[in-house]
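Visitor: Following this message is one structure expressed as structure tokens.
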Amino acid sequence: MSEIVHRTMGQQSGRRSWAEPWKIKMVEPLRMTRREDRVKALADAGCNTFLLRSDDVYIDLLTDSGTNAMSDRQWAGMMLGDEAYAGSRNFYHLEEAIQTWYGYPYVVPTHQGRGAEHLISRAAIRKGQYVPGNMYFTTTRLHQELAGGIFVDVIVDAAHDPTDLSPFKGDVDVGKLERLIAERGADNIAYVSLAATVNMAGGQPVSMANVKTLHALCQRHGIRLFLDATRLMENAFFIQEREGGYADQPIAAIAHEFCSHTDGAWMSAKKDALVNIGGWLAVRDQSLFEELRNLVVVYEGLHTYGGLAGRDMEAMAIGIAESTQDDHMRARIGQVRYLAELLQDWAVPMVQPVGGHAIFLDARGFYPQLAQSEFPAQTLAAELYLDSGIRSMERGVVSAGRDVETGDHHYPKLELTRLTIPRRVYTQAHMDVVAESVKAVYDARAEARGLRMVYEPKYLRFFQARFEPLS
Ligand code: P70
């Protein structure tokens, strides 16, 4: 971890060019569709991109979750799966990878992120306790609420403003957290739930200074600080780029230091860790670990596989190490920025600064004529699909769900449509196609009419809700 930051061929010679640090060994054909097919597919899907068949999608930017291309080393690791029910050697590789790169001593594998969220929420929340966090995430908040917790958003105000250019819009507003502690009492705070980066804010990072301050504050009050490390390596890239004193430190060292200021973490390994399935939970406290290890056998599987195959754990262990490489991360975030720059040239409204995993289009900026109850971001996702078969995801009022007390919609300030970039999957030419399609939809913005919801499931409604166009 002490190696110096790796320079690209272009940087070594003072040139501007750079390229992906890999070449392609296997390809998967894409399917083109015609507009009339897309009209039908979208109607069958109730205008919800989660309900489309992937065969009807051309470029799939629904999510960066589980959609990564694995490396040759990861595929080789898949062949080394030790599918023993208990004590698989792949679990010990995974445990060692998490101890090495994240620095937590006690590890529990889970089938994916929400499996880990379920366990930590059950183990660490008493009914009626508050759970402050830097903006909600859908599954995180749901598990906190199902465990009897009350989520409180303590992110900086800048995070709610898509035009604010602050470099660390994922930071917790320490004043907000202090006020919550003073009002409710430290004993009524279950833990602080810190995500790095912050998905719903647009993939915005948390600074090292902020996590240090939070840790000191939490320690003074005897409150634990748990990290959602789903995209922590991306967060570390932003610290290297933007925070004083970190420019010459490798991402691996920055991420490790970040974790050292927390009491534990969970991860959806389907993102940073470059696999198609997997997750984990890791803590420093032995008695909490014992409780989590006990719970995992009830809900996920034995504590040495947690719902995963041995081969999945091996691929994850290798993927974690690959995710810490500076040249990998530069290319990953470089591709997101390439797309952003094309769109900025056309003044397409989006969250600024651009985050790590996606472009978040500002649907209010596209469709000022639509009320938030007419689902502008869902409308934009539908229009993009109709234009070119590109699949994106709503991150606005539909995702925010309803207030558990009043039953009303939550009306989030951010009404966004996410173009999420899978890791190592698409090329620069695909990004050109996406940019032109977004521009075409932006140019036709005055014609959009909005949607009404005709079916709404009880939990995480955005996954399965159905809509019809307003005429
Ligand atoms: C996405 C995915 C998953 C996720 C996350 C953070 C910061 C936990 C999880 C849960 C998948 C998704 C999930 C809910 C709604 C839409 C999409 N994010 N923490 O696409 O992990 O999915 O493995 O259970 O981003 O952003 P998992």
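Naming works like this for the structure tokens: A, B, ... for the chains as they're shown, residue 1 at the start of each chain, ligands 1 onward in shown order.
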List all protein, DNA and RNA residues that have any atom at most 9 Å from ligand 1, counting only C-alpha atoms and all ligand atoms, and write the list as a PyMOL selection string.

Guide: chain A and resi 62-66+111-117+137-140+195-200+203+228-231+266-271+277-279+357+393-395+399+420+460+462-463

Visitor: Please provide the set of residues having any atom within 10 Å of Asp285 (chain A), restricted to only C-alpha atoms, with same-chain residues fewer than 4 positions apart removed, written as a list of chain:residue names.

Guide: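 Once the adjacent positions are removed, what remains is A:Tyr104, A:Pro105, A:Tyr106, A:Asp263, A:Gly264, A:Phe289, A:Glu290.
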
Visitor: Would you save the residues of that selection, restricted to N, CA and C atoms, as a PDB file, in the first residue's frame?

Guide:
ATOM      1  N   TYR A 104     -10.895  -3.763   8.656  1.00  0.00           N
ATOM      2  CA  TYR A 104     -11.736  -4.223   9.764  1.00  0.00           C
ATOM      3  C   TYR A 104     -11.386  -5.672  10.107  1.00  0.00           C
ATOM      4  N   PRO A 105     -11.322  -6.008  11.398  1.00  0.00           N
ATOM      5  CA  PRO A 105     -10.897  -7.365  11.753  1.00  0.00           C
ATOM      6  C   PRO A 105     -11.959  -8.452  11.585  1.00  0.00           C
ATOM      7  N   TYR A 106     -13.254  -8.106  11.791  1.00  0.00           N
ATOM      8  CA  TYR A 106     -14.284  -9.148  11.839  1.00  0.00           C
ATOM      9  C   TYR A 106     -15.231  -9.031  10.644  1.00  0.00           C
ATOM     10  N   ASP A 263     -16.344   2.613  12.869  1.00  0.00           N
ATOM     11  CA  ASP A 263     -16.411   1.422  13.726  1.00  0.00           C
ATOM     12  C   ASP A 263     -16.765   0.160  12.959  1.00  0.00           C
ATOM     13  N   GLY A 264     -17.138   0.335  11.702  1.00  0.00           N
ATOM     14  CA  GLY A 264     -17.505  -0.834  10.915  1.00  0.00           C
ATOM     15  C   GLY A 264     -18.078  -0.366   9.598  1.00  0.00           C
ATOM     16  N   PHE A 289     -19.833  -8.331  16.474  1.00  0.00           N
ATOM     17  CA  PHE A 289     -19.549  -9.328  15.435  1.00  0.00           C
ATOM     18  C   PHE A 289     -20.240 -10.653  15.757  1.00  0.00           C
ATOM     19  N   GLU A 290     -20.151 -11.054  17.021  1.00  0.00           N
ATOM     20  CA  GLU A 290     -20.753 -12.348  17.378  1.00  0.00           C
ATOM     21  C   GLU A 290     -22.265 -12.326  17.144  1.00  0.00           C
TER      22      GLU A 290
END

Visitor: Within 7 Å of region 179-191 of chain A, counting only C-alpha atoms, which residues qualify if same-chain residues fewer than 6 places away don't, as a PDB file with all heavy atoms, in the first residue's frame?

Guide:
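Generated output (part-v1.pdb):
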ATOM      1  N   ALA A 124     -28.189  -3.283  15.606  1.00  0.00           N
ATOM      2  CA  ALA A 124     -27.697  -2.035  16.207  1.00  0.00           C
ATOM      3  C   ALA A 124     -28.774  -0.968  16.416  1.00  0.00           C
ATOM      4  O   ALA A 124     -28.458   0.125  16.875  1.00  0.00           O
ATOM      5  CB  ALA A 124     -26.558  -1.472  15.353  1.00  0.00           C
ATOM      6  N   ILE A 125     -30.043  -1.264  16.081  1.00  0.00           N
ATOM      7  CA  ILE A 125     -31.102  -0.254  16.274  1.00  0.00           C
ATOM      8  C   ILE A 125     -32.123  -0.782  17.291  1.00  0.00           C
ATOM      9  O   ILE A 125     -32.617  -1.897  17.147  1.00  0.00           O
ATOM     10  CB  ILE A 125     -31.830   0.061  14.941  1.00  0.00           C
ATOM     11  CG1 ILE A 125     -30.841   0.612  13.906  1.00  0.00           C
ATOM     12  CG2 ILE A 125     -32.982   1.049  15.160  1.00  0.00           C
ATOM     13  CD1 ILE A 125     -31.428   0.800  12.507  1.00  0.00           C
ATOM     14  N   ARG A 126     -32.411   0.042  18.306  1.00  0.00           N
ATOM     15  CA  ARG A 126     -33.539  -0.248  19.215  1.00  0.00           C
ATOM     16  C   ARG A 126     -34.736   0.534  18.720  1.00  0.00           C
ATOM     17  O   ARG A 126     -34.601   1.650  18.234  1.00  0.00           O
ATOM     18  CB  ARG A 126     -33.225   0.253  20.629  1.00  0.00           C
ATOM     19  CG  ARG A 126     -32.513  -0.725  21.521  1.00  0.00           C
ATOM     20  CD  ARG A 126     -32.616  -0.314  23.011  1.00  0.00           C
ATOM     21  NE  ARG A 126     -32.767   1.124  23.252  1.00  0.00           N
ATOM     22  CZ  ARG A 126     -31.753   1.952  23.477  1.00  0.00           C
ATOM     23  NH1 ARG A 126     -30.510   1.509  23.481  1.00  0.00           N
ATOM     24  NH2 ARG A 126     -31.980   3.238  23.706  1.00  0.00           N
ATOM     25  N   GLN A 129     -35.251   4.537  18.121  1.00  0.00           N
ATOM     26  CA  GLN A 129     -33.982   5.285  18.042  1.00  0.00           C
ATOM     27  C   GLN A 129     -33.851   6.017  16.706  1.00  0.00           C
ATOM     28  O   GLN A 129     -34.401   5.582  15.693  1.00  0.00           O
ATOM     29  CB  GLN A 129     -32.798   4.327  18.187  1.00  0.00           C
ATOM     30  CG  GLN A 129     -32.477   3.958  19.633  1.00  0.00           C
ATOM     31  CD  GLN A 129     -31.193   3.164  19.720  1.00  0.00           C
ATOM     32  OE1 GLN A 129     -30.954   2.252  18.914  1.00  0.00           O
ATOM     33  NE2 GLN A 129     -30.361   3.485  20.687  1.00  0.00           N
ATOM     34  N   TYR A 130     -33.082   7.093  16.716  1.00  0.00           N
ATOM     35  CA  TYR A 130     -32.824   7.863  15.496  1.00  0.00           C
ATOM     36  C   TYR A 130     -31.575   7.331  14.794  1.00  0.00           C
ATOM     37  O   TYR A 130     -30.635   6.874  15.450  1.00  0.00           O
ATOM     38  CB  TYR A 130     -32.644   9.351  15.837  1.00  0.00           C
ATOM     39  CG  TYR A 130     -33.929   9.932  16.352  1.00  0.00           C
ATOM     40  CD1 TYR A 130     -34.246   9.865  17.718  1.00  0.00           C
ATOM     41  CD2 TYR A 130     -34.866  10.478  15.482  1.00  0.00           C
ATOM     42  CE1 TYR A 130     -35.460  10.348  18.183  1.00  0.00           C
ATOM     43  CE2 TYR A 130     -36.084  10.955  15.948  1.00  0.00           C
ATOM     44  CZ  TYR A 130     -36.372  10.893  17.305  1.00  0.00           C
ATOM     45  OH  TYR A 130     -37.570  11.358  17.755  1.00  0.00           O
ATOM     46  N   VAL A 131     -31.604   7.379  13.472  1.00  0.00           N
ATOM     47  CA  VAL A 131     -30.437   6.963  12.689  1.00  0.00           C
ATOM     48  C   VAL A 131     -30.083   8.095  11.725  1.00  0.00           C
ATOM     49  O   VAL A 131     -30.630   8.192  10.631  1.00  0.00           O
ATOM     50  CB  VAL A 131     -30.694   5.669  11.885  1.00  0.00           C
ATOM     51  CG1 VAL A 131     -29.376   5.127  11.332  1.00  0.00           C
ATOM     52  CG2 VAL A 131     -31.386   4.611  12.716  1.00  0.00           C
ATOM     53  N   HIS A 221     -19.552  11.163  22.344  1.00  0.00           N
ATOM     54  CA  HIS A 221     -20.911  10.854  22.810  1.00  0.00           C
ATOM     55  C   HIS A 221     -21.168   9.353  22.924  1.00  0.00           C
ATOM     56  O   HIS A 221     -22.305   8.941  23.202  1.00  0.00           O
ATOM     57  CB  HIS A 221     -21.933  11.466  21.847  1.00  0.00           C
ATOM     58  CG  HIS A 221     -21.969  12.961  21.893  1.00  0.00           C
ATOM     59  ND1 HIS A 221     -22.632  13.660  22.877  1.00  0.00           N
ATOM     60  CD2 HIS A 221     -21.402  13.889  21.104  1.00  0.00           C
ATOM     61  CE1 HIS A 221     -22.477  14.957  22.677  1.00  0.00           C
ATOM     62  NE2 HIS A 221     -21.746  15.129  21.599  1.00  0.00           N
ATOM     63  N   ILE A 223     -21.299   7.203  20.481  1.00  0.00           N
ATOM     64  CA  ILE A 223     -22.158   6.763  19.365  1.00  0.00           C
ATOM     65  C   ILE A 223     -21.276   6.084  18.316  1.00  0.00           C
ATOM     66  O   ILE A 223     -20.180   6.563  18.021  1.00  0.00           O
ATOM     67  CB  ILE A 223     -22.877   7.980  18.719  1.00  0.00           C
ATOM     68  CG1 ILE A 223     -23.770   8.670  19.747  1.00  0.00           C
ATOM     69  CG2 ILE A 223     -23.694   7.557  17.500  1.00  0.00           C
ATOM     70  CD1 ILE A 223     -24.342  10.003  19.265  1.00  0.00           C
ATOM     71  N   ARG A 224     -21.750   4.983  17.755  1.00  0.00           N
ATOM     72  CA  ARG A 224     -20.934   4.300  16.737  1.00  0.00           C
ATOM     73  C   ARG A 224     -21.138   4.923  15.354  1.00  0.00           C
ATOM     74  O   ARG A 224     -22.205   5.467  15.058  1.00  0.00           O
ATOM     75  CB  ARG A 224     -21.290   2.809  16.692  1.00  0.00           C
ATOM     76  CG  ARG A 224     -20.745   2.070  17.901  1.00  0.00           C
ATOM     77  CD  ARG A 224     -21.247   0.661  17.956  1.00  0.00           C
ATOM     78  NE  ARG A 224     -22.703   0.619  18.105  1.00  0.00           N
ATOM     79  CZ  ARG A 224     -23.381  -0.473  18.426  1.00  0.00           C
ATOM     80  NH1 ARG A 224     -22.745  -1.609  18.624  1.00  0.00           N
ATOM     81  NH2 ARG A 224     -24.686  -0.445  18.544  1.00  0.00           N
ATOM     82  N   LEU A 225     -20.090   4.833  14.559  1.00  0.00           N
ATOM     83  CA  LEU A 225     -20.120   5.394  13.198  1.00  0.00           C
ATOM     84  C   LEU A 225     -19.920   4.235  12.213  1.00  0.00           C
ATOM     85  O   LEU A 225     -18.854   3.604  12.193  1.00  0.00           O
ATOM     86  CB  LEU A 225     -18.986   6.424  13.065  1.00  0.00           C
ATOM     87  CG  LEU A 225     -18.744   7.043  11.695  1.00  0.00           C
ATOM     88  CD1 LEU A 225     -19.989   7.734  11.153  1.00  0.00           C
ATOM     89  CD2 LEU A 225     -17.597   8.063  11.777  1.00  0.00           C
ATOM     90  N   PHE A 226     -20.964   3.935  11.461  1.00  0.00           N
ATOM     91  CA  PHE A 226     -20.879   2.844  10.483  1.00  0.00           C
ATOM     92  C   PHE A 226     -20.914   3.409   9.061  1.00  0.00           C
ATOM     93  O   PHE A 226     -21.671   4.335   8.765  1.00  0.00           O
ATOM     94  CB  PHE A 226     -22.020   1.841  10.671  1.00  0.00           C
ATOM     95  CG  PHE A 226     -21.931   1.067  11.959  1.00  0.00           C
ATOM     96  CD1 PHE A 226     -23.021   0.977  12.812  1.00  0.00           C
ATOM     97  CD2 PHE A 226     -20.751   0.434  12.325  1.00  0.00           C
ATOM     98  CE1 PHE A 226     -22.943   0.273  14.003  1.00  0.00           C
ATOM     99  CE2 PHE A 226     -20.658  -0.285  13.511  1.00  0.00           C
ATOM    100  CZ  PHE A 226     -21.762  -0.361  14.357  1.00  0.00           C
TER     101      PHE A 226
END

Visitor: Using only C-alpha atoms for the distances, tell me which of A:Ala377, A:Tyr426, A:Tyr367, A:Asp171 is nearest to Ala444 (chain A).

Guide: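 Under the stated criterion, the closest residue is A:Tyr367.
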
Visitor: Need to verify the contact set: Arg461 (chain A), 10 Å, only C-alpha atoms, exclusion of same-chain residues closer than 6 positions in sequence. Can you return it as a PyMOL selection string?

Guide: chain A and resi 138+398-402+455

Visitor: Could those selected residues go to a file with N, CA, C and O atoms, as a tab-separated table (two decimals), in the first residue's frame?

Guide:
chain	number	residue	atom	x	y	z
A	138	THR	N	-32.42	4.16	-0.53
A	138	THR	CA	-33.70	3.45	-0.47
A	138	THR	C	-33.66	2.21	0.44
A	138	THR	O	-34.41	2.12	1.41
A	398	VAL	N	-40.60	9.11	-7.10
A	398	VAL	CA	-41.00	7.69	-7.04
A	398	VAL	C	-40.06	6.94	-6.10
A	398	VAL	O	-40.49	6.20	-5.21
A	399	SER	N	-38.75	7.15	-6.26
A	399	SER	CA	-37.77	6.48	-5.40
A	399	SER	C	-37.93	6.87	-3.94
A	399	SER	O	-37.69	6.06	-3.04
A	400	ALA	N	-38.31	8.12	-3.70
A	400	ALA	CA	-38.37	8.61	-2.32
A	400	ALA	C	-39.50	7.96	-1.52
A	400	ALA	O	-39.47	7.92	-0.29
A	401	GLY	N	-40.52	7.44	-2.19
A	401	GLY	CA	-41.59	6.71	-1.50
A	401	GLY	C	-42.48	7.60	-0.66
A	401	GLY	O	-42.57	8.81	-0.90
A	402	ARG	N	-43.12	6.99	0.33
A	402	ARG	CA	-44.08	7.75	1.14
A	402	ARG	C	-43.59	7.89	2.59
A	402	ARG	O	-42.88	7.03	3.09
A	455	TYR	N	-50.24	1.77	-10.49
A	455	TYR	CA	-50.04	0.65	-9.56
A	455	TYR	C	-48.87	0.97	-8.67
A	455	TYR	O	-47.82	1.42	-9.13

Visitor: Taking only C-alpha atoms into account, which of A:Met329, A:Leu414, A:Ala440, A:Leu94 comes nearest Ala158 (chain A)?

Guide: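 Nearest candidate to Ala158 (chain A) out of A:Met329, A:Leu414, A:Ala440, A:Leu94: A:Leu414.
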
Visitor: Give the answer as one residue: which of A:Glu83, A:Val336, A:Ser287, A:Asp408 has the shortest atom-to-atom distance to His430 (chain A), using only C-alpha atoms?

Guide: A:Val336

Visitor: Quick one: DSSP strand (DSSP E or B) residues in region 217-446 of chain A, as a PyMOL selection string?

Guide: chain A and resi 225-228+264-268+279-283+350+358-362+390-391+393-395+402+409+416-420

Visitor: Those selected residues, please, written with C-alpha atoms and delivered as a PDB file, in the first residue's frame.

Guide:
ATOM      1  CA  LEU A 225     -20.120   5.394  13.198  1.00  0.00           C
ATOM      2  CA  PHE A 226     -20.879   2.844  10.483  1.00  0.00           C
ATOM      3  CA  LEU A 227     -19.917   3.281   6.850  1.00  0.00           C
ATOM      4  CA  ASP A 228     -21.730   2.230   3.702  1.00  0.00           C
ATOM      5  CA  GLY A 264     -17.505  -0.834  10.915  1.00  0.00           C
ATOM      6  CA  ALA A 265     -18.879  -0.950   7.388  1.00  0.00           C
ATOM      7  CA  TRP A 266     -21.154  -2.788   5.027  1.00  0.00           C
ATOM      8  CA  MET A 267     -20.861  -3.039   1.298  1.00  0.00           C
ATOM      9  CA  SER A 268     -22.801  -3.932  -1.783  1.00  0.00           C
ATOM     10  CA  GLY A 279     -21.796  -8.133  -0.116  1.00  0.00           C
ATOM     11  CA  TRP A 280     -20.297  -8.021   3.353  1.00  0.00           C
ATOM     12  CA  LEU A 281     -20.426  -6.508   6.784  1.00  0.00           C
ATOM     13  CA  ALA A 282     -17.322  -5.918   8.907  1.00  0.00           C
ATOM     14  CA  VAL A 283     -16.831  -4.443  12.361  1.00  0.00           C
ATOM     15  CA  MET A 350     -27.348  17.769 -14.535  1.00  0.00           C
ATOM     16  CA  ALA A 358     -23.222   8.134 -12.940  1.00  0.00           C
ATOM     17  CA  ILE A 359     -24.552  11.268 -14.562  1.00  0.00           C
ATOM     18  CA  PHE A 360     -27.658  12.497 -12.777  1.00  0.00           C
ATOM     19  CA  LEU A 361     -29.809  14.483 -15.193  1.00  0.00           C
ATOM     20  CA  ASP A 362     -31.853  17.213 -13.545  1.00  0.00           C
ATOM     21  CA  ILE A 390     -31.055   3.479 -23.529  1.00  0.00           C
ATOM     22  CA  ARG A 391     -32.166   2.411 -20.082  1.00  0.00           C
ATOM     23  CA  MET A 393     -33.289   4.971 -13.670  1.00  0.00           C
ATOM     24  CA  GLU A 394     -35.625   7.359 -11.866  1.00  0.00           C
ATOM     25  CA  ARG A 395     -34.159   8.891  -8.696  1.00  0.00           C
ATOM     26  CA  ARG A 402     -44.083   7.750   1.144  1.00  0.00           C
ATOM     27  CA  HIS A 409     -45.325  11.168  -1.067  1.00  0.00           C
ATOM     28  CA  LEU A 416     -33.131  13.125 -11.099  1.00  0.00           C
ATOM     29  CA  THR A 417     -32.724  10.542 -13.836  1.00  0.00           C
ATOM     30  CA  ARG A 418     -29.565   8.503 -13.487  1.00  0.00           C
ATOM     31  CA  LEU A 419     -27.355   7.362 -16.355  1.00  0.00           C
ATOM     32  CA  THR A 420     -25.266   4.822 -14.489  1.00  0.00           C
TER      33      THR A 420
END

Visitor: Name the residues of region 197-275 of chain A that fall into alpha helix (DSSP H) according to DSSP on the backbone, using the chain letters and numbers of this document, as a PyMOL selection string.

Guide: chain A and resi 208-221+232-242+251-260

Visitor: From the options A:Thr163, A:Ser471, A:Gln144, A:Thr100, which residue's atoms come nearest to His118 (chain A), counting only C-alpha atoms?

Guide: A:Gln144

Visitor: Tell me which protein, DNA and RNA residues are within 12 Å of Asp403 (chain A), counting only C-alpha atoms, leaving out same-chain ones fewer than 2 positions away, and put them as JSON, numbers by chain.

Guide: {"A": [141, 142, 145, 150, 151, 397, 399, 400, 401, 405, 406, 407, 408, 409, 410, 411, 412, 458, 459]}

Visitor: Quick one: of A:Val211, A:Leu370, A:Ile251, A:Val354, who's nearest to Ser323 (chain A), counting only C-alpha atoms?

Guide: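 The shortest atom-to-atom distance to Ser323 (chain A) comes from A:Ile251.
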
Visitor: Please list as a PDB file with all heavy atoms, in the first residue's frame every residue within 7 Å of Gly46 (chain A), counting only C-alpha atoms and excluding residues in the same chain fewer than 5 positions away.

Guide:
ATOM      1  N   ARG A 466     -46.266   0.986 -11.731  1.00  0.00           N
ATOM      2  CA  ARG A 466     -46.634   1.116 -13.145  1.00  0.00           C
ATOM      3  C   ARG A 466     -47.258   2.492 -13.384  1.00  0.00           C
ATOM      4  O   ARG A 466     -47.929   3.050 -12.509  1.00  0.00           O
ATOM      5  CB  ARG A 466     -47.623   0.010 -13.551  1.00  0.00           C
ATOM      6  CG  ARG A 466     -47.055  -1.390 -13.363  1.00  0.00           C
ATOM      7  CD  ARG A 466     -48.031  -2.452 -13.843  1.00  0.00           C
ATOM      8  NE  ARG A 466     -48.174  -2.425 -15.285  1.00  0.00           N
ATOM      9  CZ  ARG A 466     -47.350  -3.040 -16.135  1.00  0.00           C
ATOM     10  NH1 ARG A 466     -46.349  -3.767 -15.672  1.00  0.00           N
ATOM     11  NH2 ARG A 466     -47.554  -2.968 -17.427  1.00  0.00           N
ATOM     12  N   PHE A 467     -47.031   2.989 -14.593  1.00  0.00           N
ATOM     13  CA  PHE A 467     -47.469   4.345 -14.940  1.00  0.00           C
ATOM     14  C   PHE A 467     -48.158   4.330 -16.304  1.00  0.00           C
ATOM     15  O   PHE A 467     -47.926   3.433 -17.115  1.00  0.00           O
ATOM     16  CB  PHE A 467     -46.260   5.295 -15.030  1.00  0.00           C
ATOM     17  CG  PHE A 467     -45.448   5.353 -13.764  1.00  0.00           C
ATOM     18  CD1 PHE A 467     -44.473   4.391 -13.509  1.00  0.00           C
ATOM     19  CD2 PHE A 467     -45.666   6.355 -12.834  1.00  0.00           C
ATOM     20  CE1 PHE A 467     -43.737   4.421 -12.335  1.00  0.00           C
ATOM     21  CE2 PHE A 467     -44.924   6.397 -11.658  1.00  0.00           C
ATOM     22  CZ  PHE A 467     -43.961   5.437 -11.408  1.00  0.00           C
ATOM     23  N   GLU A 468     -48.942   5.397 -16.522  1.00  0.00           N
ATOM     24  CA  GLU A 468     -49.503   5.624 -17.860  1.00  0.00           C
ATOM     25  C   GLU A 468     -49.246   7.068 -18.244  1.00  0.00           C
ATOM     26  O   GLU A 468     -49.250   7.947 -17.357  1.00  0.00           O
ATOM     27  CB  GLU A 468     -51.016   5.353 -17.858  1.00  0.00           C
ATOM     28  CG  GLU A 468     -51.342   3.871 -17.972  1.00  0.00           C
ATOM     29  CD  GLU A 468     -52.822   3.573 -17.814  1.00  0.00           C
ATOM     30  OE1 GLU A 468     -53.634   4.547 -17.724  1.00  0.00           O
ATOM     31  OE2 GLU A 468     -53.153   2.385 -17.787  1.00  0.00           O
TER      32      GLU A 468
END

Visitor: Excluding Arg89 (chain A) and its own-chain neighbours fewer than 3 positions away, which residues fall within 10 Å of it when counting only C-alpha atoms? Please give them as an MDAnalysis selection string.

Guide: chainID A and resid 80:84 86 92:95 304 310:311 313:314

Visitor: Which of these, A:Arg330, A:Lys176, A:Lys439, A:Arg337, has the shortest distance to Asp387 (chain A) once you count only C-alpha atoms?

Guide: A:Lys439
